[in-house]
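Trainee: Structure file start-v1.cif (mmCIF, C-alpha atoms) is given on the next line.
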data_my_file
loop_
_atom_site.group_PDB
_atom_site.id
_atom_site.type_symbol
_atom_site.label_atom_id
_atom_site.label_comp_id
_atom_site.auth_asym_id
_atom_site.auth_seq_id
_atom_site.Cartn_x
_atom_site.Cartn_y
_atom_site.Cartn_z
ATOM 1 C CA MET U 7 23.734 -41.431 -24.609
ATOM 2 C CA SER U 8 26.742 -40.787 -22.453
ATOM 3 C CA THR U 9 28.180 -37.329 -22.225
ATOM 4 C CA THR U 10 31.777 -36.564 -21.557
ATOM 5 C CA THR U 11 32.948 -33.519 -19.661
ATOM 6 C CA ALA U 12 36.552 -33.067 -20.527
ATOM 7 C CA ILE U 13 38.625 -31.038 -18.099
ATOM 8 C CA LYS U 14 39.474 -27.815 -19.881
ATOM 9 C CA PRO U 15 42.401 -25.555 -19.226
ATOM 10 C CA GLU U 16 42.056 -21.986 -17.961
ATOM 11 C CA THR U 17 42.216 -20.631 -21.506
ATOM 12 C CA SER U 18 39.522 -22.792 -23.084
ATOM 13 C CA ALA U 19 36.636 -21.081 -24.846
ATOM 14 C CA VAL U 20 34.231 -22.603 -22.330
ATOM 15 C CA ALA U 21 36.163 -21.202 -19.361
ATOM 16 C CA LYS U 22 36.491 -17.754 -20.976
ATOM 17 C CA ASN U 23 32.774 -17.597 -21.709
ATOM 18 C CA LEU U 24 31.863 -18.880 -18.253
ATOM 19 C CA LYS U 25 34.001 -16.119 -16.723
ATOM 20 C CA ALA U 26 32.300 -13.497 -18.925
ATOM 21 C CA VAL U 27 28.850 -14.728 -17.872
ATOM 22 C CA LEU U 28 29.978 -14.745 -14.247
ATOM 23 C CA ALA U 29 31.333 -11.174 -14.340
ATOM 24 C CA ASP U 30 28.316 -9.772 -16.158
ATOM 25 C CA SER U 31 25.863 -11.658 -13.937
ATOM 26 C CA TYR U 32 27.582 -10.179 -10.887
ATOM 27 C CA ALA U 33 27.430 -6.688 -12.401
ATOM 28 C CA LEU U 34 23.784 -7.135 -13.329
ATOM 29 C CA MET U 35 22.966 -8.335 -9.815
ATOM 30 C CA GLY U 36 24.525 -5.124 -8.463
ATOM 31 C CA GLN U 37 22.633 -2.961 -10.935
ATOM 32 C CA THR U 38 19.350 -4.719 -10.155
ATOM 33 C CA HIS U 39 19.974 -4.257 -6.444
ATOM 34 C CA LEU U 40 20.636 -0.542 -7.072
ATOM 35 C CA ALA U 41 17.362 -0.305 -9.002
ATOM 36 C CA HIS U 42 15.579 -2.082 -6.113
ATOM 37 C CA TRP U 43 16.852 0.570 -3.703
ATOM 38 C CA ASN U 44 16.519 3.722 -5.778
ATOM 39 C CA VAL U 45 13.464 3.264 -7.964
ATOM 40 C CA GLU U 46 10.725 5.812 -7.217
ATOM 41 C CA GLY U 47 7.303 6.766 -8.451
ATOM 42 C CA ALA U 48 3.832 5.368 -8.915
ATOM 43 C CA ASN U 49 5.111 1.861 -9.691
ATOM 44 C CA PHE U 50 7.481 1.719 -6.732
ATOM 45 C CA PHE U 51 6.030 -1.322 -4.938
ATOM 46 C CA GLN U 52 5.644 -3.349 -8.134
ATOM 47 C CA LEU U 53 9.192 -2.650 -9.376
ATOM 48 C CA HIS U 54 10.831 -2.830 -5.944
ATOM 49 C CA THR U 55 9.444 -6.367 -5.527
ATOM 50 C CA ALA U 56 10.203 -7.452 -9.104
ATOM 51 C CA PHE U 57 13.819 -6.240 -8.855
ATOM 52 C CA GLN U 58 14.270 -8.163 -5.594
ATOM 53 C CA THR U 59 13.069 -11.376 -7.248
ATOM 54 C CA GLN U 60 15.524 -10.767 -10.080
ATOM 55 C CA TYR U 61 18.630 -10.056 -8.004
ATOM 56 C CA GLU U 62 17.912 -13.024 -5.752
ATOM 57 C CA GLU U 63 17.699 -15.290 -8.811
ATOM 58 C CA LEU U 64 20.991 -13.870 -10.082
ATOM 59 C CA PHE U 65 22.676 -14.471 -6.712
ATOM 60 C CA THR U 66 21.825 -18.171 -6.916
ATOM 61 C CA ALA U 67 22.852 -18.363 -10.582
ATOM 62 C CA ILE U 68 26.242 -16.742 -9.891
ATOM 63 C CA ASP U 69 27.034 -19.499 -7.412
ATOM 64 C CA ASP U 70 26.131 -22.164 -9.991
ATOM 65 C CA ILE U 71 28.266 -20.490 -12.692
ATOM 66 C CA ALA U 72 31.298 -20.148 -10.382
ATOM 67 C CA GLU U 73 30.947 -23.736 -9.209
ATOM 68 C CA ARG U 74 30.781 -24.924 -12.811
ATOM 69 C CA LEU U 75 34.151 -23.236 -13.371
ATOM 70 C CA ARG U 76 35.524 -25.105 -10.361
ATOM 71 C CA ALA U 77 34.105 -28.368 -11.682
ATOM 72 C CA LEU U 78 36.151 -27.713 -14.828
ATOM 73 C CA ASP U 79 39.214 -27.220 -12.616
ATOM 74 C CA VAL U 80 39.318 -23.487 -13.322
ATOM 75 C CA TYR U 81 39.518 -20.958 -10.487
ATOM 76 C CA ALA U 82 36.534 -18.608 -10.339
ATOM 77 C CA PRO U 83 37.343 -14.884 -10.490
ATOM 78 C CA GLY U 84 35.927 -12.890 -7.598
ATOM 79 C CA GLY U 85 35.990 -9.522 -5.855
ATOM 80 C CA LEU U 86 34.222 -6.369 -6.962
ATOM 81 C CA GLU U 87 37.257 -4.821 -8.661
ATOM 82 C CA THR U 88 38.196 -7.932 -10.631
ATOM 83 C CA LEU U 89 34.646 -8.632 -11.753
ATOM 84 C CA ALA U 90 33.969 -4.993 -12.626
ATOM 85 C CA LYS U 91 37.046 -4.933 -14.881
ATOM 86 C CA SER U 92 35.820 -8.042 -16.701
ATOM 87 C CA SER U 93 32.236 -6.875 -17.102
ATOM 88 C CA SER U 94 30.837 -5.011 -20.084
ATOM 89 C CA ILE U 95 27.740 -3.848 -18.224
ATOM 90 C CA THR U 96 27.635 -0.109 -17.559
ATOM 91 C CA GLU U 97 26.686 1.396 -14.220
ATOM 92 C CA PHE U 98 23.483 3.336 -13.754
ATOM 93 C CA PRO U 99 24.185 6.718 -12.164
ATOM 94 C CA THR U 100 23.186 7.141 -8.539
ATOM 95 C CA GLY U 101 20.436 9.705 -8.114
ATOM 96 C CA PRO U 102 16.850 10.415 -9.062
ATOM 97 C CA ALA U 103 15.718 8.954 -12.374
ATOM 98 C CA PRO U 104 12.427 7.994 -14.006
ATOM 99 C CA ALA U 105 11.410 4.444 -13.059
ATOM 100 C CA LYS U 106 11.328 3.525 -16.741
ATOM 101 C CA ASP U 107 15.024 4.452 -17.024
ATOM 102 C CA PHE U 108 15.888 1.792 -14.451
ATOM 103 C CA VAL U 109 13.881 -0.740 -16.437
ATOM 104 C CA ALA U 110 15.462 0.324 -19.758
ATOM 105 C CA HIS U 111 18.954 0.102 -18.267
ATOM 106 C CA LEU U 112 18.242 -3.413 -17.022
ATOM 107 C CA VAL U 113 16.895 -4.369 -20.459
ATOM 108 C CA GLU U 114 20.217 -3.357 -22.017
ATOM 109 C CA SER U 115 22.137 -5.306 -19.362
ATOM 110 C CA HIS U 116 20.047 -8.456 -19.799
ATOM 111 C CA GLU U 117 20.595 -8.188 -23.572
ATOM 112 C CA ILE U 118 24.363 -8.210 -22.989
ATOM 113 C CA LEU U 119 24.065 -11.267 -20.773
ATOM 114 C CA LEU U 120 21.825 -13.000 -23.275
ATOM 115 C CA GLY U 121 24.577 -12.538 -25.866
ATOM 116 C CA ASN U 122 27.219 -13.885 -23.457
ATOM 117 C CA ALA U 123 25.131 -16.890 -22.461
ATOM 118 C CA THR U 124 24.484 -17.659 -26.136
ATOM 119 C CA ALA U 125 28.244 -17.558 -26.834
ATOM 120 C CA LEU U 126 28.757 -19.878 -23.855
ATOM 121 C CA ARG U 127 26.130 -22.285 -25.199
ATOM 122 C CA GLU U 128 27.927 -22.393 -28.570
ATOM 123 C CA ALA U 129 31.384 -22.863 -27.022
ATOM 124 C CA ALA U 130 30.111 -25.617 -24.734
ATOM 125 C CA GLY U 131 28.428 -27.330 -27.665
ATOM 126 C CA GLU U 132 31.621 -27.305 -29.703
ATOM 127 C CA ALA U 133 33.518 -28.751 -26.737
ATOM 128 C CA ASN U 134 30.824 -31.402 -26.245
ATOM 129 C CA ASP U 135 30.465 -30.114 -22.668
ATOM 130 C CA LEU U 136 26.762 -30.772 -22.296
ATOM 131 C CA GLU U 137 26.625 -29.888 -18.610
ATOM 132 C CA THR U 138 27.915 -26.363 -19.253
ATOM 133 C CA GLN U 139 25.654 -26.153 -22.277
ATOM 134 C CA ASP U 140 22.701 -27.057 -20.068
ATOM 135 C CA LEU U 141 23.666 -24.306 -17.626
ATOM 136 C CA ALA U 142 23.960 -21.800 -20.522
ATOM 137 C CA ILE U 143 20.546 -22.782 -21.880
ATOM 138 C CA GLY U 144 19.064 -22.241 -18.417
ATOM 139 C CA ARG U 145 20.595 -18.778 -18.242
ATOM 140 C CA ILE U 146 19.342 -17.924 -21.742
ATOM 141 C CA GLN U 147 15.819 -18.890 -20.719
ATOM 142 C CA VAL U 148 15.976 -16.717 -17.601
ATOM 143 C CA HIS U 149 17.297 -13.665 -19.476
ATOM 144 C CA GLN U 150 14.782 -14.077 -22.303
ATOM 145 C CA LYS U 151 11.931 -14.288 -19.799
ATOM 146 C CA THR U 152 13.174 -11.294 -17.810
ATOM 147 C CA LEU U 153 13.566 -9.281 -21.020
ATOM 148 C CA TRP U 154 9.979 -10.099 -21.958
ATOM 149 C CA MET U 155 8.783 -8.880 -18.554
ATOM 150 C CA LEU U 156 10.874 -5.712 -18.515
ATOM 151 C CA LYS U 157 9.988 -4.791 -22.091
ATOM 152 C CA SER U 158 6.314 -5.419 -21.362
ATOM 153 C CA PHE U 159 6.524 -2.916 -18.524
ATOM 154 C CA LEU U 160 7.841 -0.270 -20.952
ATOM 155 C CA LYS U 161 4.944 -0.720 -23.363
ATOM 156 C CA ASN U 162 2.300 1.969 -23.367
ATOM 157 C CA LEU U 163 -0.982 0.276 -24.205
ATOM 158 C CA MET O 16 29.267 13.074 -46.819
ATOM 159 C CA SER O 17 31.362 9.932 -46.845
ATOM 160 C CA LEU O 18 30.073 7.078 -44.732
ATOM 161 C CA GLY O 19 33.590 6.321 -43.517
ATOM 162 C CA ALA O 20 33.710 9.725 -41.849
ATOM 163 C CA VAL O 21 30.650 9.020 -39.738
ATOM 164 C CA THR O 22 31.655 8.043 -36.220
ATOM 165 C CA ASP O 23 30.195 5.008 -34.520
ATOM 166 C CA TRP O 24 27.809 6.850 -32.233
ATOM 167 C CA LYS O 25 26.190 8.663 -35.138
ATOM 168 C CA ARG O 26 25.742 5.427 -37.044
ATOM 169 C CA ASP O 27 24.341 3.719 -33.945
ATOM 170 C CA ALA O 28 21.932 6.604 -33.371
ATOM 171 C CA ALA O 29 20.847 6.612 -37.022
ATOM 172 C CA ARG O 30 20.233 2.862 -36.830
ATOM 173 C CA ILE O 31 17.945 3.308 -33.818
ATOM 174 C CA VAL O 32 15.985 5.948 -35.734
ATOM 175 C CA GLU O 33 15.743 3.620 -38.744
ATOM 176 C CA GLU O 34 14.215 0.909 -36.555
ATOM 177 C CA LEU O 35 11.504 3.360 -35.535
ATOM 178 C CA PHE O 36 10.180 3.502 -39.105
ATOM 179 C CA ARG O 37 8.944 -0.075 -38.778
ATOM 180 C CA VAL O 38 6.906 0.600 -35.676
ATOM 181 C CA THR O 39 5.575 4.135 -36.169
ATOM 182 C CA SER O 40 2.867 5.516 -38.409
ATOM 183 C CA PRO O 41 3.740 7.355 -41.653
ATOM 184 C CA GLU O 42 2.834 10.804 -40.334
ATOM 185 C CA ASN O 43 5.994 10.630 -38.172
ATOM 186 C CA TRP O 44 8.375 9.606 -40.927
ATOM 187 C CA ASP O 45 9.306 13.072 -42.229
ATOM 188 C CA LEU O 46 10.400 14.083 -38.740
ATOM 189 C CA LEU O 47 12.312 10.828 -38.259
ATOM 190 C CA LEU O 48 13.989 11.215 -41.660
ATOM 191 C CA ASP O 49 15.100 14.731 -40.729
ATOM 192 C CA LEU O 50 16.485 13.465 -37.407
ATOM 193 C CA ARG O 51 18.362 10.614 -39.065
ATOM 194 C CA GLN O 52 19.867 12.980 -41.632
ATOM 195 C CA ALA O 53 20.852 15.553 -38.988
ATOM 196 C CA LEU O 54 22.568 12.868 -36.896
ATOM 197 C CA LEU O 55 24.531 11.445 -39.821
ATOM 198 C CA ALA O 56 25.473 14.848 -41.254
ATOM 199 C CA GLY O 57 26.762 16.150 -37.937
ATOM 200 C CA GLU O 58 26.803 19.720 -39.220
ATOM 201 C CA ASP O 59 24.147 21.359 -37.073
ATOM 202 C CA TRP O 60 23.915 19.793 -33.620
ATOM 203 C CA ALA O 61 21.380 22.347 -32.404
ATOM 204 C CA ARG O 62 18.990 21.205 -35.132
ATOM 205 C CA ALA O 63 19.732 17.529 -34.412
ATOM 206 C CA LEU O 64 19.006 17.984 -30.701
ATOM 207 C CA ASP O 65 15.867 20.000 -31.431
ATOM 208 C CA LEU O 66 14.608 17.294 -33.808
ATOM 209 C CA PHE O 67 15.374 14.610 -31.222
ATOM 210 C CA LEU O 68 13.334 16.498 -28.615
ATOM 211 C CA HIS O 69 10.395 16.887 -30.999
ATOM 212 C CA CYS O 70 10.469 13.191 -31.926
ATOM 213 C CA ARG O 71 10.784 12.256 -28.270
ATOM 214 C CA VAL O 72 7.724 14.245 -27.201
ATOM 215 C CA ARG O 73 5.721 12.687 -29.998
ATOM 216 C CA LEU O 74 6.879 9.061 -29.785
ATOM 217 C CA GLU O 75 8.640 8.217 -26.526
ATOM 218 C CA SER O 76 5.551 7.110 -24.605
ATOM 219 C CA ASP O 77 4.975 4.308 -27.135
ATOM 220 C CA HIS O 78 8.663 3.566 -27.827
ATOM 221 C CA TYR O 79 10.499 4.141 -24.570
ATOM 222 C CA LEU O 80 13.457 1.822 -25.144
ATOM 223 C CA PRO O 81 14.707 3.255 -28.468
ATOM 224 C CA PHE O 82 14.395 6.773 -27.090
ATOM 225 C CA TYR O 83 16.268 5.768 -23.931
ATOM 226 C CA ARG O 84 19.071 4.424 -26.136
ATOM 227 C CA LEU O 85 19.079 7.534 -28.324
ATOM 228 C CA ARG O 86 19.060 9.781 -25.269
ATOM 229 C CA ARG O 87 22.073 8.004 -23.780
ATOM 230 C CA LEU O 88 24.022 8.213 -27.038
ATOM 231 C CA ILE O 89 23.228 11.911 -27.460
ATOM 232 C CA ALA O 90 23.986 12.719 -23.804
ATOM 233 C CA ALA O 91 27.371 10.992 -24.089
ATOM 234 C CA SER O 92 28.271 12.627 -27.392
ATOM 235 C CA LEU O 93 26.917 16.185 -27.293
ATOM 236 C CA ARG O 94 27.087 18.982 -24.754
ATOM 237 C CA LEU O 95 25.819 22.493 -24.230
ATOM 238 C CA GLU O 96 28.416 25.234 -24.240
ATOM 239 C CA ALA O 97 27.928 28.798 -22.991
ATOM 240 C CA THR O 98 29.675 31.672 -24.737
ATOM 241 C CA SER O 99 30.631 33.097 -21.338
ATOM 242 C CA ALA O 100 33.617 31.209 -19.952
ATOM 243 C CA GLY O 101 32.442 31.370 -16.341
ATOM 244 C CA LEU O 102 29.117 29.672 -16.960
ATOM 245 C CA GLN O 103 28.690 25.941 -17.181
ATOM 246 C CA PRO O 104 25.331 24.405 -18.088
ATOM 247 C CA SER O 105 24.290 21.101 -16.507
ATOM 248 C CA SER O 106 25.240 18.000 -18.445
ATOM 249 C CA LEU O 107 22.909 16.899 -21.215
ATOM 250 C CA GLY O 108 22.482 13.596 -19.379
ATOM 251 C CA GLU O 109 20.970 15.478 -16.455
ATOM 252 C CA LEU O 110 18.939 17.897 -18.592
ATOM 253 C CA LEU O 111 17.474 15.157 -20.761
ATOM 254 C CA LYS O 112 16.010 13.331 -17.777
ATOM 255 C CA ASP O 113 13.148 15.790 -18.221
ATOM 256 C CA ARG O 114 11.119 15.689 -21.399
ATOM 257 C CA HIS O 115 11.725 19.137 -22.896
ATOM 258 C CA ARG O 116 9.554 20.012 -25.866
ATOM 259 C CA SER O 117 12.280 21.777 -27.853
ATOM 260 C CA LEU O 118 15.814 23.105 -27.684
ATOM 261 C CA ALA O 119 14.418 26.535 -26.800
ATOM 262 C CA ASP O 120 12.600 24.938 -23.859
ATOM 263 C CA LEU O 121 15.796 23.207 -22.732
ATOM 264 C CA LYS O 122 17.765 26.459 -22.950
ATOM 265 C CA ARG O 123 15.119 28.209 -20.841
ATOM 266 C CA ARG O 124 15.672 25.523 -18.184
ATOM 267 C CA VAL O 125 19.426 26.209 -18.172
ATOM 268 C CA ARG O 126 18.873 29.955 -17.823
ATOM 269 C CA ARG O 127 16.380 29.342 -15.015
ATOM 270 C CA GLU O 128 18.970 27.193 -13.215
ATOM 271 C CA TRP O 129 21.539 29.975 -13.527
ATOM 272 C CA PHE O 130 19.011 32.448 -12.160
ATOM 273 C CA GLU O 131 18.104 30.188 -9.228
ATOM 274 C CA HIS O 132 21.777 29.741 -8.360
ATOM 275 C CA SER O 133 22.471 33.489 -8.651
ATOM 276 C CA GLU O 134 24.645 32.872 -11.684
ATOM 277 C CA GLU O 135 22.548 34.923 -14.079
ATOM 278 C CA PRO O 136 24.855 36.359 -16.709
ATOM 279 C CA GLY O 137 25.087 40.131 -16.969
ATOM 280 C CA GLY O 138 25.115 40.397 -20.752
ATOM 281 C CA HIS O 139 23.704 38.165 -23.432
ATOM 282 C CA VAL O 140 25.068 34.662 -23.263
ATOM 283 C CA SER O 141 24.206 32.226 -25.988
ATOM 284 C CA LEU O 142 24.175 28.460 -25.664
ATOM 285 C CA ARG O 143 25.630 26.302 -28.395
ATOM 286 C CA VAL O 144 25.275 22.560 -28.927
ATOM 287 C CA VAL O 145 28.651 21.003 -29.702
ATOM 288 C CA GLU O 146 30.063 17.515 -30.012
ATOM 289 C CA ALA O 147 31.649 16.426 -26.734
#
In structure tokens, write the structure found in this file.
Mentor:
Amino acid sequence: MSTTTAIKPETSAVAKNLKAVLADSYALMGQTHLAHWNVEGANFFQLHTAFQTQYEELFTAIDDIAERLRALDVYAPGGLETLAKSSSITEFPTGPAPAKDFVAHLVESHEILLGNATALREAAGEANDLETQDLAIGRIQVHQKTLWMLKSFLKNL
Amino acid sequence: MSLGAVTDWKRDAARIVEELFRVTSPENWDLLLDLRQALLAGEDWARALDLFLHCRVRLESDHYLPFYRLRRLIAASLRLEATSAGLQPSSLGELLKDRHRSLADLKRRVRREWFEHSEEPGGHVSLRVVEA
């Protein structure tokens, strides 16, 4: 089966959703990096390493998302100020906090991104843009898996 | 109480409490019901905060995420107010990082902080819980 990737204008639903996923992924990468630096307590080594794995994965994904925008002939938004304005992810305050608070904050952020990536998957499907849909499905899988891991950490068994 | 009058944060908080009924044992339900009602009524914030602290001590270790969400909503929507104009308690966000057992316990922490920073009030100063 052949797939067609129509070139979409700046205002298409696919482009809008790609930009939302890009901005929130960037914000989440920053928040995960912050957690990597500032987490403290008995689980420090475990969380410090896990957060590094997560922000490195996000760094690679952000490049793929931005380059998908370019492939659709849409300019990728960039810069901390621009991306922060477009993101719906809140910032974790700087300072001492229980390690579980860092994890809970990241759970909420991954849930936001899961919602955005799902909206992107739907928009791409409607536009018959299977390549973007494939990218969205990949992001959904990553966020679902990370949510499973983070939520498992919060369980008290 | 009309439902239309209930602001979003109270509804969101009540919804989080409602979800806890599914995952907690029945002996906690009376306390959770009281908390839900206090949040929706919005008439006695001291009681609502006290109930939240009691529920938190009892349930947070097994249900960290809902209590984190509740804590953030409460910290953003309520604040402590001293009757003496010159005294300012720490923000609820800061105070709720520690797991206080009750509102009385939390108030003792505020008074201890004032004492440690040489801000102990001369006369009796009461602390009220008000909507931010």
Trainee: For atom CA of O:Trp60 and atom CA of U:Val113, quote the distance in Å rounded to one decimal.
Mentor: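 Value for the atom CA of O:Trp60-atom CA of U:Val113 distance: 28.4 Å.
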Trainee: Can you pull out every residue within 8 Å of stretch 67-73 of chain O, counting only C-alpha atoms, but drop anything in the same chain fewer than 6 positions away, and send it as a list in words?
Mentor: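 Non-adjacent residues within range: Leu46, Leu47, Leu50, Phe82, Arg114, His115, Arg116, Ser117 and Leu118 of chain O.
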Trainee: Nearest to chain U: which of O:Arg123, O:His132, O:Asp77, O:Glu146 is it, counting only C-alpha atoms?
Mentor: O:Asp77
Trainee: If you take all atoms listed in the file and a cut-off of 9 Å, which residues of chain U touch chain O, and what are their nearest atom pairs and distances in Å to one decimal, in chain and number order, as JSON lines?
Mentor:
{"residue": "U:Ala103", "atom": "CA", "partner": "O:Lys112", "partner_atom": "CA", "distance": 7.0}
{"residue": "U:Pro104", "atom": "CA", "partner": "O:Lys112", "partner_atom": "CA", "distance": 7.5}
{"residue": "U:Lys106", "atom": "CA", "partner": "O:Tyr79", "partner_atom": "CA", "distance": 7.9}
{"residue": "U:Asp107", "atom": "CA", "partner": "O:Tyr83", "partner_atom": "CA", "distance": 7.1}
{"residue": "U:Ala110", "atom": "CA", "partner": "O:Leu80", "partner_atom": "CA", "distance": 5.9}
{"residue": "U:His111", "atom": "CA", "partner": "O:Tyr83", "partner_atom": "CA", "distance": 8.4}
{"residue": "U:Val113", "atom": "CA", "partner": "O:Leu80", "partner_atom": "CA", "distance": 8.5}
{"residue": "U:Glu114", "atom": "CA", "partner": "O:Arg84", "partner_atom": "CA", "distance": 8.9}
{"residue": "U:Lys157", "atom": "CA", "partner": "O:Leu80", "partner_atom": "CA", "distance": 8.1}
{"residue": "U:Leu160", "atom": "CA", "partner": "O:Tyr79", "partner_atom": "CA", "distance": 6.3}
{"residue": "U:Lys161", "atom": "CA", "partner": "O:Asp77", "partner_atom": "CA", "distance": 6.3}
{"residue": "U:Asn162", "atom": "CA", "partner": "O:Asp77", "partner_atom": "CA", "distance": 5.2}
{"residue": "U:Leu163", "atom": "CA", "partner": "O:Asp77", "partner_atom": "CA", "distance": 7.8}
Trainee: Expand the PyMOL selection byres ((chain U and resi 39-46) around 12) into the individual residues it matches in the shown file, reporting them as a PyMOL selection string.
Mentor: chain U and resi 32-38+47-65+97-112
Trainee: With the PyMOL selection byres ((chain O and resi 34) around 12) as the selection, what would be picked from this file? Answer as a PyMOL selection string, please.
Mentor: chain O and resi 27-33+35-39+44+47-48+51+78+80-82+85
Trainee: Applied to the shown file, which residues does the PyMOL selection byres ((chain U and resi 138) around 9) return, written as a list in words?
Mentor: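 Applied to this file, the PyMOL selection byres ((chain U and resi 138) around 9) returns Thr11, Val20, Leu24, Ile71, Arg74, Leu126, Arg127, Ala130, Gly131, Asp135, Leu136, Glu137, Gln139, Asp140, Leu141, Ala142 and Ile143 of chain U.
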Trainee: Take atom CA of O:Asp23 and atom CA of O:Ser141 and report the distance between them in Å, one decimal.
Mentor: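 Interatomic distance, atom CA of O:Asp23 to atom CA of O:Ser141: 29.1 Å.
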Trainee: Distance atom CA of O:Gly57-atom CA of O:Leu95, one decimal place?
Mentor: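 Calculated distance between atom CA of O:Gly57 and atom CA of O:Leu95 is 15.1 Å.
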Trainee: Would you please work out which residue, of U:Ser31, U:Thr96, U:Thr124, U:Ser115, is nearest to U:Gly84 when using all atoms listed in the file?
Mentor: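 Going through U:Ser31, U:Thr96, U:Thr124, U:Ser115 one by one, the smallest distance to U:Gly84 is for U:Ser31.
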Trainee: Choose the residue, out of O:Asp49, O:Glu42, O:Asp65, O:Asp59, that has the smallest atom-to-atom separation from O:Ala119; count all atoms listed in the file.
Mentor: O:Asp65
Trainee: Select, from U:Leu156, U:Ile146, U:Ala90, U:Ile95, the residue with the minimum atom-to-atom distance to U:Ala67, counting all atoms listed in the file.
Mentor: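 Ranking U:Leu156, U:Ile146, U:Ala90, U:Ile95 by distance to U:Ala67, first place goes to U:Ile146.
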